[in-house]
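J.: Pasting coords37.txt below, which is compact mmCIF, C-alpha atoms and all ligand atoms.
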# COMPACT_ATOMS: atom_id res chain seq x y z
CA MET O 836 14.11 -14.17 37.93
CA GLU O 837 15.43 -12.48 34.81
CA THR O 838 13.48 -10.40 32.30
CA ARG O 839 15.00 -10.21 28.86
CA LEU O 840 13.99 -8.39 25.69
CA ALA O 841 14.40 -10.01 22.28
CA GLU O 842 17.42 -8.62 20.47
CA CYS O 843 15.22 -7.07 17.75
CA LEU O 844 11.72 -5.99 18.64
CA GLY O 845 9.15 -3.26 18.20
CA PHE O 846 9.21 -0.51 15.58
CA CYS O 847 11.30 -1.17 12.51
CA PHE O 848 13.40 1.64 11.05
CA GLY O 849 10.72 2.78 8.60
CA VAL O 850 7.86 2.85 11.09
CA ARG O 851 9.97 4.62 13.73
CA ARG O 852 10.91 7.26 11.18
CA ALA O 853 7.26 7.77 10.20
CA VAL O 854 6.04 8.00 13.80
CA ASP O 855 8.86 10.42 14.70
CA THR O 856 7.85 12.52 11.71
CA VAL O 857 4.31 12.81 13.07
CA TYR O 858 5.51 13.92 16.52
CA GLU O 859 7.87 16.48 14.95
CA GLN O 860 5.07 17.87 12.81
CA ILE O 861 2.72 18.14 15.79
CA LYS O 862 5.20 20.59 17.35
CA THR O 863 4.77 22.96 14.39
CA GLY O 864 1.14 23.57 15.34
CA LYS O 865 -0.08 22.81 11.80
CA THR O 866 -3.23 20.81 11.08
CA ILE O 867 -1.86 17.32 10.63
CA TYR O 868 -3.42 14.40 8.81
CA THR O 869 -1.97 10.97 8.21
CA TYR O 870 -2.99 9.07 5.09
CA GLY O 871 -4.14 5.88 6.84
CA ALA O 872 -3.19 5.02 10.43
CA ILE O 873 0.52 5.73 10.88
CA VAL O 874 1.01 2.36 12.61
CA ASN O 875 -1.18 -0.66 13.11
CA ASN O 876 -1.51 0.01 16.82
CA GLU O 877 -4.69 1.36 18.41
CA GLU O 878 -2.86 2.84 21.41
CA VAL O 879 -0.54 4.96 19.27
CA VAL O 880 -3.35 6.09 17.00
CA ARG O 881 -5.46 7.06 20.05
CA GLU O 882 -2.59 9.05 21.54
CA LEU O 883 -2.00 10.88 18.27
CA SER O 884 -5.69 11.59 17.92
CA GLY O 885 -5.59 13.15 21.41
CA LEU O 886 -2.83 15.42 20.09
CA GLY O 887 -5.05 16.53 17.21
CA VAL O 888 -3.79 14.26 14.41
CA LYS O 889 -6.57 13.15 12.09
CA VAL O 890 -6.56 10.03 9.96
CA ILE O 891 -7.68 10.14 6.32
CA GLU O 892 -9.17 6.77 5.51
CA SER O 893 -9.61 6.97 1.74
CA LYS O 894 -8.83 8.78 -1.49
CA GLU O 895 -12.38 10.16 -1.47
CA GLU O 896 -11.82 11.70 1.96
CA LEU O 897 -8.56 13.22 0.75
CA GLU O 898 -10.32 14.76 -2.24
CA LYS O 899 -12.68 16.60 0.12
CA LEU O 900 -9.84 18.17 2.10
CA ASP O 901 -9.11 21.86 1.52
CA ARG O 902 -6.14 22.55 3.74
CA GLY O 903 -3.66 20.94 6.09
CA SER O 904 -0.51 18.84 5.96
CA VAL O 905 -0.74 15.19 5.02
CA ILE O 906 1.83 12.68 6.20
CA ILE O 907 2.36 9.62 4.02
CA ARG O 908 3.08 6.59 6.19
CA ALA O 909 5.94 4.08 5.86
CA HIS O 910 3.95 1.70 3.59
CA GLY O 911 3.79 4.37 0.89
CA VAL O 912 0.92 5.26 -1.45
CA PRO O 913 0.16 5.11 -5.19
CA GLU O 914 1.54 7.92 -7.35
CA GLU O 915 -2.00 9.20 -7.83
CA ILE O 916 -2.17 10.30 -4.18
CA TYR O 917 0.80 12.66 -4.68
CA ARG O 918 -1.00 14.13 -7.70
CA ILE O 919 -4.16 14.75 -5.69
CA LEU O 920 -2.15 16.40 -2.90
CA GLU O 921 -0.47 18.67 -5.40
CA GLU O 922 -3.67 19.56 -7.23
CA LYS O 923 -5.34 20.45 -3.95
CA GLY O 924 -2.35 22.46 -2.76
CA LEU O 925 -2.00 20.37 0.38
CA GLU O 926 1.40 20.01 2.01
CA CYS O 927 2.78 16.51 1.53
CA ILE O 928 5.14 15.19 4.20
CA ASP O 929 6.49 11.97 2.81
CA ALA O 930 7.45 9.38 5.44
CA THR O 931 7.44 6.46 3.00
CA CYS O 932 10.13 4.02 4.12
CA PRO O 933 13.15 4.41 1.80
CA PHE O 934 13.08 0.64 1.19
CA VAL O 935 9.52 0.92 -0.11
CA LYS O 936 10.39 4.02 -2.12
CA ARG O 937 13.10 1.96 -3.83
CA ILE O 938 10.46 -0.54 -4.98
CA HIS O 939 8.35 2.31 -6.40
CA LYS O 940 11.34 3.46 -8.47
CA ILE O 941 12.14 -0.07 -9.67
CA VAL O 942 8.60 -0.80 -10.90
CA GLN O 943 8.19 2.62 -12.46
CA GLN O 944 11.40 2.19 -14.44
CA ALA O 945 10.57 -1.43 -15.32
CA GLY O 946 7.21 -0.35 -16.73
CA SER O 947 8.73 2.35 -18.90
CA ASP O 948 11.28 -0.19 -20.17
CA GLY O 949 8.39 -2.33 -21.38
CA ASN O 950 8.40 -4.97 -18.63
CA HIS O 951 5.38 -6.55 -17.04
CA VAL O 952 5.73 -6.14 -13.26
CA VAL O 953 4.99 -9.04 -10.95
CA ILE O 954 4.61 -8.20 -7.27
CA ILE O 955 4.81 -11.15 -4.90
CA GLY O 956 2.65 -10.19 -1.96
CA ASN O 957 -0.82 -9.62 -0.63
CA ALA O 958 -2.92 -7.61 -3.10
CA GLY O 959 -5.08 -6.12 -0.33
CA HIS O 960 -2.12 -4.80 1.67
CA PRO O 961 -1.66 -1.01 1.49
CA GLU O 962 2.05 -1.38 0.67
CA VAL O 963 1.21 -3.55 -2.36
CA GLU O 964 -1.61 -1.21 -3.40
CA GLY O 965 0.96 1.59 -3.27
CA ILE O 966 3.47 -0.34 -5.41
CA VAL O 967 0.76 -1.19 -7.96
CA GLY O 968 0.06 2.53 -8.18
CA TRP O 969 3.64 3.19 -9.39
CA CYS O 970 3.53 0.68 -12.23
CA SER O 971 3.39 2.53 -15.50
CA GLY O 972 2.71 -0.65 -17.52
CA GLY O 973 1.12 -4.01 -16.86
CA VAL O 974 1.18 -5.47 -13.35
CA THR O 975 0.13 -8.70 -11.66
CA VAL O 976 0.11 -9.44 -7.92
CA LEU O 977 0.77 -13.06 -6.96
CA GLU O 978 0.22 -14.13 -3.40
CA GLU O 979 0.99 -17.85 -3.35
CA PRO O 980 3.15 -20.32 -5.31
CA GLU O 981 -0.09 -21.80 -6.75
CA ASP O 982 -0.83 -18.41 -8.31
CA ALA O 983 2.64 -18.41 -9.83
CA GLU O 984 2.05 -21.88 -11.35
CA LYS O 985 -1.04 -20.58 -13.13
CA PHE O 986 0.47 -17.26 -14.21
CA VAL O 987 1.45 -16.69 -17.86
CA PRO O 988 3.12 -13.39 -18.87
CA PRO O 989 0.83 -11.40 -21.19
CA HIS O 990 2.04 -11.48 -24.82
CA GLY O 991 5.30 -13.15 -23.71
CA GLU O 992 6.46 -9.88 -22.13
CA LYS O 993 9.64 -9.63 -20.08
CA LEU O 994 9.00 -9.72 -16.34
CA CYS O 995 10.28 -7.60 -13.49
CA VAL O 996 9.65 -9.45 -10.22
CA VAL O 997 9.64 -7.67 -6.85
CA SER O 998 8.20 -8.57 -3.46
CA GLN O 999 6.25 -6.95 -0.67
CA THR O 1000 8.84 -6.00 1.98
CA THR O 1001 7.33 -8.34 4.58
CA TYR O 1002 6.93 -11.37 2.31
CA ASN O 1003 8.34 -14.74 3.39
CA TYR O 1004 11.83 -15.23 1.95
CA ASN O 1005 11.55 -18.99 1.27
CA LYS O 1006 8.22 -18.59 -0.49
CA PHE O 1007 9.61 -15.80 -2.62
CA HIS O 1008 12.48 -18.00 -3.77
CA TYR O 1009 10.14 -20.84 -4.46
CA ILE O 1010 8.06 -18.61 -6.74
CA VAL O 1011 11.19 -17.37 -8.53
CA GLU O 1012 12.16 -21.01 -9.11
CA ILE O 1013 8.75 -21.67 -10.66
CA PHE O 1014 9.36 -18.82 -13.12
CA GLU O 1015 12.84 -20.16 -13.91
CA LYS O 1016 11.46 -23.64 -14.59
CA LYS O 1017 8.88 -22.16 -16.91
CA GLY O 1018 11.69 -20.36 -18.72
CA TYR O 1019 10.21 -16.90 -18.28
CA ASN O 1020 12.46 -14.00 -19.15
CA SER O 1021 12.54 -12.21 -15.81
CA THR O 1022 14.60 -9.76 -13.81
CA VAL O 1023 14.19 -10.55 -10.14
CA VAL O 1024 14.82 -7.96 -7.43
CA ASN O 1025 14.56 -9.28 -3.91
CA THR O 1026 12.94 -6.38 -2.07
CA ILE O 1027 12.16 -8.24 1.15
CA CYS O 1028 13.19 -6.19 4.18
CA ASN O 1029 15.17 -8.11 6.78
CA ALA O 1030 13.51 -6.28 9.72
CA THR O 1031 10.73 -8.86 9.84
CA GLU O 1032 13.04 -11.81 9.64
CA GLU O 1033 15.38 -10.41 12.30
CA ARG O 1034 12.44 -9.96 14.67
CA GLN O 1035 11.22 -13.49 14.07
CA ARG O 1036 14.67 -15.00 14.45
CA SER O 1037 15.41 -13.23 17.73
CA ALA O 1038 11.91 -13.98 19.11
CA ARG O 1039 12.44 -17.68 18.43
CA ALA O 1040 15.89 -17.68 20.02
CA LEU O 1041 14.61 -16.01 23.18
CA ALA O 1042 11.46 -18.15 23.39
CA ALA O 1043 13.59 -21.30 23.19
CA GLU O 1044 15.33 -20.23 26.42
CA ALA O 1045 12.45 -18.57 28.26
CA ASP O 1046 10.00 -20.16 30.72
CA VAL O 1047 7.42 -17.52 29.90
CA MET O 1048 7.16 -15.32 26.80
CA ILE O 1049 5.16 -12.12 26.47
CA VAL O 1050 4.35 -10.90 22.96
CA ILE O 1051 3.13 -7.29 22.78
CA GLY O 1052 1.30 -5.91 19.77
CA GLY O 1053 -1.89 -4.74 18.14
CA ARG O 1054 -4.81 -7.15 17.88
CA HIS O 1055 -4.94 -6.70 14.10
CA SER O 1056 -1.20 -6.76 13.50
CA SER O 1057 -0.33 -9.80 11.41
CA ASN O 1058 3.38 -9.62 12.18
CA THR O 1059 2.63 -9.72 15.94
CA ARG O 1060 0.40 -12.75 15.45
CA LYS O 1061 3.25 -14.42 13.56
CA LEU O 1062 5.65 -13.64 16.43
CA TYR O 1063 3.15 -15.16 18.84
CA ASP O 1064 2.91 -18.37 16.77
CA ILE O 1065 6.71 -18.66 16.59
CA CYS O 1066 7.08 -18.15 20.35
CA ARG O 1067 4.31 -20.67 21.08
CA GLU O 1068 6.21 -23.29 19.11
CA GLU O 1069 9.19 -22.82 21.43
CA CYS O 1070 7.52 -21.90 24.71
CA ALA O 1071 4.11 -23.21 25.84
CA GLU O 1072 3.65 -20.30 28.28
CA THR O 1073 3.36 -17.54 25.68
CA TYR O 1074 1.01 -14.58 26.22
CA PHE O 1075 -0.25 -12.16 23.57
CA ILE O 1076 -1.08 -8.76 25.03
CA GLN O 1077 -2.07 -5.44 23.53
CA THR O 1078 -1.42 -3.28 26.59
CA LEU O 1079 -0.27 -3.79 30.16
CA ASP O 1080 -3.94 -4.11 31.22
CA ASP O 1081 -4.16 -7.43 29.36
CA LEU O 1082 -1.32 -8.92 31.38
CA HIS O 1083 -2.60 -11.12 34.20
CA LEU O 1084 0.49 -13.10 35.03
CA GLU O 1085 0.77 -15.48 37.93
CA LEU O 1086 4.27 -16.79 37.77
CA PRO O 1087 5.29 -19.87 39.69
CA LYS O 1088 8.55 -19.56 41.68
CA ALA O 1089 10.34 -21.92 39.32
CA VAL O 1090 10.24 -19.35 36.50
CA ARG O 1091 13.77 -18.15 35.81
CA LEU O 1092 13.48 -16.26 32.55
CA VAL O 1093 10.63 -14.13 31.20
CA GLY O 1094 11.18 -13.12 27.58
CA ILE O 1095 9.53 -10.13 25.93
CA THR O 1096 9.10 -9.38 22.26
CA ALA O 1097 6.88 -6.97 20.35
CA GLY O 1098 5.41 -6.51 16.89
CA ALA O 1099 6.68 -3.94 14.42
CA SER O 1100 4.01 -1.42 15.43
CA THR O 1101 4.57 -1.54 19.19
CA PRO O 1102 6.10 1.63 20.66
CA ASN O 1103 9.13 1.45 23.00
CA LYS O 1104 7.18 3.11 25.80
CA LEU O 1105 4.80 0.17 25.98
CA ILE O 1106 7.62 -2.37 25.87
CA GLU O 1107 9.36 -0.59 28.75
CA GLU O 1108 6.11 -0.45 30.76
CA VAL O 1109 5.66 -4.21 30.45
CA GLN O 1110 9.30 -4.89 31.24
CA ASN O 1111 9.20 -2.70 34.36
CA TYR O 1112 5.94 -4.25 35.51
CA VAL O 1113 7.35 -7.77 35.31
CA ARG O 1114 10.59 -6.71 37.03
CA ILE O 1115 8.84 -4.97 39.91
CA ASN O 1116 6.08 -7.51 40.49
CA PHE O 1117 7.90 -10.79 40.25
FE1 LIG O 1201 10.70 -0.25 5.96
FE2 LIG O 1201 11.36 -2.69 6.43
FE3 LIG O 1201 9.94 -1.41 8.15
S1 LIG O 1201 10.67 -1.85 4.51
S2 LIG O 1201 8.76 0.00 6.97
S3 LIG O 1201 12.04 -0.94 7.56
S4 LIG O 1201 9.70 -3.53 7.60
I'd like the structure from this file rewritten - as structure tokens, please.
T.:
Amino acid sequence: METRLAECLGFCFGVRRAVDTVYEQIKTGKTIYTYGAIVNNEEVVRELSGLGVKVIESKEELEKLDRGSVIIRAHGVPEEIYRILEEKGLECIDATCPFVKRIHKIVQQAGSDGNHVVIIGNAGHPEVEGIVGWCSGGVTVLEEPEDAEKFVPPHGEKLCVVSQTTYNYNKFHYIVEIFEKKGYNSTVVNTICNATEERQRSARALAAEADVMIVIGGRHSSNTRKLYDICREECAETYFIQTLDDLHLELPKAVRLVGITAGASTPNKLIEEVQNYVRINF
């Protein structure tokens, strides 16, 4: 029996960079905080907490802090958070993903040039909240094509359209087409990151060949859930696990290929553990 990992899986570039930053900072012996959980994975957050890293859950909590170093996670934060850190004299260690940072710069510039910014994405997602917080002028978040149908630019303003990095590419284009049909004067910047798509594409390719698929990721991670759904479409024997403890496999002898993929917040260590377990036990 063969065990094979999906070509792209686990931490994306931005998340890996942010997590590495936390481990590097721990070595300095400073009091380390992360603004929000550094990744959407309970295991990682628990391990970091064991190493003394504290999580700041809100702006209000940050305002009560008197000292320490605060790490900004890959999703980024609104500009206001940097101001608070500066005013309070707290050290800011910025691990915002450079691809997200680019969006901040685009919307900031667009606002000062008199554009109305449209962000295609989920308004409640921290990355989108962060982008909104860099808009110096008007801003609207649209989540679905139906929202785009109803949307009318305020006072006929020019639009600058960007997307949440993990937004669906086809849906984004569909929304842009709606704007074109309506004849809106818009500058469109496709800011979707291909890390998500690459993961989904390679998960599907592997699941199509595999007899059994194991998807590893946090219970609340939406990208892991999406990977699970994709794998299920291709392979009926797909299992969603958070840690090795959740894996209760009984493989029939006929199984030739076990595929493994993992959400964007799943650390390598966990992927390796699962892979070794399957190799040794079956
Ligand atoms: Fe950055 Fe793309 Fe990951 S924007 S945080 S590398 S999904």
J.: Taking all atoms listed in the file into account, name the residue in O:Leu1079, O:Trp969, O:Glu1033, O:Glu837 that is nearest to Lys1104 (chain O).
T.: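 Between O:Leu1079, O:Trp969, O:Glu1033, O:Glu837, the residue approaching Lys1104 (chain O) most closely is O:Leu1079.
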J.: Work out where the centre of an axis-aligned box around every listed atom of ligand LIG 1201 (chain O) lies and how long its edges are once 8 Å is added on each side; give both in Å to one decimal as JSON.
T.:
{"center_x": 10.4, "center_y": -1.8, "center_z": 6.3, "size_x": 19.3, "size_y": 19.5, "size_z": 19.6}
J.: Residues at most 12 Å from Glu926 (chain O), counting only C-alpha atoms, excluding those fewer than 4 positions away in the same chain, as a PDB file with C-alpha atoms, in the frame of the given file?
T.:
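Final output, saved to around_34.pdb:
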ATOM      1  CA  GLN O 860       5.070  17.870  12.810  1.00  0.00           C
ATOM      2  CA  LYS O 865      -0.080  22.810  11.800  1.00  0.00           C
ATOM      3  CA  THR O 866      -3.230  20.810  11.080  1.00  0.00           C
ATOM      4  CA  ILE O 867      -1.860  17.320  10.630  1.00  0.00           C
ATOM      5  CA  TYR O 868      -3.420  14.400   8.810  1.00  0.00           C
ATOM      6  CA  THR O 869      -1.970  10.970   8.210  1.00  0.00           C
ATOM      7  CA  LEU O 900      -9.840  18.170   2.100  1.00  0.00           C
ATOM      8  CA  ASP O 901      -9.110  21.860   1.520  1.00  0.00           C
ATOM      9  CA  ARG O 902      -6.140  22.550   3.740  1.00  0.00           C
ATOM     10  CA  GLY O 903      -3.660  20.940   6.090  1.00  0.00           C
ATOM     11  CA  SER O 904      -0.510  18.840   5.960  1.00  0.00           C
ATOM     12  CA  VAL O 905      -0.740  15.190   5.020  1.00  0.00           C
ATOM     13  CA  ILE O 906       1.830  12.680   6.200  1.00  0.00           C
ATOM     14  CA  ILE O 907       2.360   9.620   4.020  1.00  0.00           C
ATOM     15  CA  TYR O 917       0.800  12.660  -4.680  1.00  0.00           C
ATOM     16  CA  ARG O 918      -1.000  14.130  -7.700  1.00  0.00           C
ATOM     17  CA  ILE O 919      -4.160  14.750  -5.690  1.00  0.00           C
ATOM     18  CA  LEU O 920      -2.150  16.400  -2.900  1.00  0.00           C
ATOM     19  CA  GLU O 921      -0.470  18.670  -5.400  1.00  0.00           C
ATOM     20  CA  GLU O 922      -3.670  19.560  -7.230  1.00  0.00           C
TER      21      GLU O 922
END
J.: When you draw a straight line from CA of Leu840 (chain O) to CA of Thr1000 (chain O), how long is it in Å?
T.: 24.4 Å
J.: All residues within 6 Å of ligand LIG 1201 (chain O) are required, counting all atoms listed in the file; please report them as a list in words.
T.: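 Those within range of ligand LIG 1201 (chain O) are Cys847, Phe848, Gly849, Val850, Ala909, Cys932, Phe934, Val935, Thr1000, Cys1028, Ala1030 and Thr1031 of chain O.
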J.: Do a neighbour search on Val880 (chain O) at 12 Å with only C-alpha atoms, toss out local chain neighbours closer than 2 positions, and write the hits as a PyMOL selection string.
T.: chain O and resi 854+857-858+868-869+871-878+882-890+1053+1100-1102
J.: Could you dump the residues just selected with C-alpha atoms as a PDB file, in the frame of the given file?
T.:
ATOM      1  CA  VAL O 854       6.040   8.000  13.800  1.00  0.00           C
ATOM      2  CA  VAL O 857       4.310  12.810  13.070  1.00  0.00           C
ATOM      3  CA  TYR O 858       5.510  13.920  16.520  1.00  0.00           C
ATOM      4  CA  TYR O 868      -3.420  14.400   8.810  1.00  0.00           C
ATOM      5  CA  THR O 869      -1.970  10.970   8.210  1.00  0.00           C
ATOM      6  CA  GLY O 871      -4.140   5.880   6.840  1.00  0.00           C
ATOM      7  CA  ALA O 872      -3.190   5.020  10.430  1.00  0.00           C
ATOM      8  CA  ILE O 873       0.520   5.730  10.880  1.00  0.00           C
ATOM      9  CA  VAL O 874       1.010   2.360  12.610  1.00  0.00           C
ATOM     10  CA  ASN O 875      -1.180  -0.660  13.110  1.00  0.00           C
ATOM     11  CA  ASN O 876      -1.510   0.010  16.820  1.00  0.00           C
ATOM     12  CA  GLU O 877      -4.690   1.360  18.410  1.00  0.00           C
ATOM     13  CA  GLU O 878      -2.860   2.840  21.410  1.00  0.00           C
ATOM     14  CA  GLU O 882      -2.590   9.050  21.540  1.00  0.00           C
ATOM     15  CA  LEU O 883      -2.000  10.880  18.270  1.00  0.00           C
ATOM     16  CA  SER O 884      -5.690  11.590  17.920  1.00  0.00           C
ATOM     17  CA  GLY O 885      -5.590  13.150  21.410  1.00  0.00           C
ATOM     18  CA  LEU O 886      -2.830  15.420  20.090  1.00  0.00           C
ATOM     19  CA  GLY O 887      -5.050  16.530  17.210  1.00  0.00           C
ATOM     20  CA  VAL O 888      -3.790  14.260  14.410  1.00  0.00           C
ATOM     21  CA  LYS O 889      -6.570  13.150  12.090  1.00  0.00           C
ATOM     22  CA  VAL O 890      -6.560  10.030   9.960  1.00  0.00           C
ATOM     23  CA  GLY O1053      -1.890  -4.740  18.140  1.00  0.00           C
ATOM     24  CA  SER O1100       4.010  -1.420  15.430  1.00  0.00           C
ATOM     25  CA  THR O1101       4.570  -1.540  19.190  1.00  0.00           C
ATOM     26  CA  PRO O1102       6.100   1.630  20.660  1.00  0.00           C
TER      27      PRO O1102
END
J.: Compare O:Glu1085, O:Glu842, O:Glu984, O:Asp948 by their minimum atom-to-atom distance to Val1047 (chain O), counting only C-alpha atoms, and give me the closest one.
T.: O:Glu1085
J.: For the atom pair CA of Asp982 (chain O) and CA of Val996 (chain O), what is the interatomic distance in Å to one decimal place?
T.: 13.9 Å
J.: Quote the spacing between CA of Gly959 (chain O) and CA of Glu915 (chain O) in Å to one decimal place.
T.: 17.3 Å
J.: Skip Ile1106 (chain O) itself and residues of its chain fewer than 4 positions away, then list as a list of chain:residue names all residues within 12 Å of it, counting all atoms listed in the file.
T.: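 Skipping anything fewer than 4 positions along the chain leaves O:Thr838, O:Arg839, O:Leu840, O:Ala841, O:Leu844, O:Gly845, O:Phe846, O:Ile1049, O:Val1050, O:Ile1051, O:Gly1052, O:Ile1076, O:Gln1077, O:Thr1078, O:Leu1079, O:Gly1094, O:Ile1095, O:Thr1096, O:Ala1097, O:Gly1098, O:Ala1099, O:Ser1100, O:Thr1101, O:Pro1102, O:Gln1110, O:Asn1111, O:Tyr1112, O:Val1113.
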J.: Tell me which protein, DNA and RNA residues are within 10 Å of region 972-974 of chain O, counting only C-alpha atoms, leaving out same-chain ones fewer than 4 positions away, and put them as a PyMOL selection string.
T.: chain O and resi 942-954+966-968+988-989+992+994-996
J.: Which is closest to Arg937 (chain O) among O:Glu964, O:Glu981, O:Glu1012, O:Asn1025, if we use all atoms listed in the file?
T.: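 The shortest atom-to-atom distance to Arg937 (chain O) comes from O:Asn1025.
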J.: So that I can look at just that part, could you write region 1068-1076 of chain O with all heavy atoms, as a JSON list (two decimals), in the first residue's frame?
T.:
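Dumped to out_31.json:
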[["chain", "number", "residue", "atom", "x", "y", "z"],
["O", 1068, "GLU", "N", -16.05, 14.39, -3.05],
["O", 1068, "GLU", "CA", -16.63, 14.28, -4.40],
["O", 1068, "GLU", "C", -15.89, 13.24, -5.24],
["O", 1068, "GLU", "O", -16.46, 12.60, -6.11],
["O", 1068, "GLU", "CB", -16.52, 15.64, -5.13],
["O", 1068, "GLU", "CG", -17.58, 16.64, -4.69],
["O", 1068, "GLU", "CD", -17.29, 18.04, -5.24],
["O", 1068, "GLU", "OE1", -16.65, 18.16, -6.31],
["O", 1068, "GLU", "OE2", -17.68, 19.01, -4.56],
["O", 1069, "GLU", "N", -14.59, 13.10, -4.96],
["O", 1069, "GLU", "CA", -13.76, 12.19, -5.77],
["O", 1069, "GLU", "C", -13.57, 10.83, -5.12],
["O", 1069, "GLU", "O", -13.28, 9.85, -5.80],
["O", 1069, "GLU", "CB", -12.36, 12.81, -5.99],
["O", 1069, "GLU", "CG", -12.36, 14.18, -6.63],
["O", 1069, "GLU", "CD", -12.84, 14.16, -8.08],
["O", 1069, "GLU", "OE1", -12.74, 13.11, -8.74],
["O", 1069, "GLU", "OE2", -13.34, 15.21, -8.54],
["O", 1070, "CYS", "N", -13.65, 10.80, -3.80],
["O", 1070, "CYS", "CA", -13.30, 9.57, -3.07],
["O", 1070, "CYS", "C", -14.27, 9.41, -1.89],
["O", 1070, "CYS", "O", -14.25, 10.22, -0.96],
["O", 1070, "CYS", "CB", -11.85, 9.71, -2.58],
["O", 1070, "CYS", "SG", -11.29, 8.39, -1.51],
["O", 1071, "ALA", "N", -15.09, 8.35, -1.95],
["O", 1071, "ALA", "CA", -16.14, 8.17, -0.92],
["O", 1071, "ALA", "C", -15.53, 7.93, 0.47],
["O", 1071, "ALA", "O", -16.10, 8.32, 1.48],
["O", 1071, "ALA", "CB", -17.04, 7.00, -1.32],
["O", 1072, "GLU", "N", -14.34, 7.31, 0.49],
["O", 1072, "GLU", "CA", -13.70, 7.02, 1.79],
["O", 1072, "GLU", "C", -12.79, 8.17, 2.20],
["O", 1072, "GLU", "O", -11.57, 8.06, 2.20],
["O", 1072, "GLU", "CB", -12.86, 5.74, 1.68],
["O", 1072, "GLU", "CG", -13.64, 4.47, 1.48],
["O", 1072, "GLU", "CD", -14.49, 4.13, 2.69],
["O", 1072, "GLU", "OE1", -13.96, 4.14, 3.81],
["O", 1072, "GLU", "OE2", -15.70, 3.89, 2.50],
["O", 1073, "THR", "N", -13.39, 9.31, 2.52],
["O", 1073, "THR", "CA", -12.60, 10.47, 2.93],
["O", 1073, "THR", "C", -12.84, 10.75, 4.41],
["O", 1073, "THR", "O", -13.98, 10.74, 4.86],
["O", 1073, "THR", "CB", -12.97, 11.71, 2.08],
["O", 1073, "THR", "OG1", -12.64, 11.45, 0.72],
["O", 1073, "THR", "CG2", -12.22, 12.94, 2.51],
["O", 1074, "TYR", "N", -11.75, 10.94, 5.16],
["O", 1074, "TYR", "CA", -11.85, 11.19, 6.60],
["O", 1074, "TYR", "C", -11.31, 12.56, 6.95],
["O", 1074, "TYR", "O", -10.25, 12.95, 6.46],
["O", 1074, "TYR", "CB", -11.04, 10.13, 7.37],
["O", 1074, "TYR", "CG", -11.54, 8.73, 7.14],
["O", 1074, "TYR", "CD1", -11.06, 7.99, 6.06],
["O", 1074, "TYR", "CD2", -12.50, 8.16, 7.97],
["O", 1074, "TYR", "CE1", -11.53, 6.70, 5.81],
["O", 1074, "TYR", "CE2", -12.97, 6.89, 7.73],
["O", 1074, "TYR", "CZ", -12.49, 6.17, 6.65],
["O", 1074, "TYR", "OH", -12.96, 4.90, 6.41],
["O", 1075, "PHE", "N", -12.04, 13.26, 7.80],
["O", 1075, "PHE", "CA", -11.62, 14.60, 8.27],
["O", 1075, "PHE", "C", -11.11, 14.43, 9.69],
["O", 1075, "PHE", "O", -11.85, 14.01, 10.56],
["O", 1075, "PHE", "CB", -12.85, 15.52, 8.24],
["O", 1075, "PHE", "CG", -12.57, 16.99, 8.53],
["O", 1075, "PHE", "CD1", -13.33, 17.97, 7.91],
["O", 1075, "PHE", "CD2", -11.59, 17.40, 9.41],
["O", 1075, "PHE", "CE1", -13.11, 19.32, 8.16],
["O", 1075, "PHE", "CE2", -11.35, 18.74, 9.66],
["O", 1075, "PHE", "CZ", -12.12, 19.70, 9.03],
["O", 1076, "ILE", "N", -9.85, 14.70, 9.92],
["O", 1076, "ILE", "CA", -9.33, 14.56, 11.29],
["O", 1076, "ILE", "C", -8.63, 15.85, 11.73],
["O", 1076, "ILE", "O", -8.09, 16.58, 10.90],
["O", 1076, "ILE", "CB", -8.35, 13.36, 11.43],
["O", 1076, "ILE", "CG1", -7.10, 13.56, 10.54],
["O", 1076, "ILE", "CG2", -9.03, 12.04, 11.14],
["O", 1076, "ILE", "CD1", -5.98, 12.62, 10.89]]
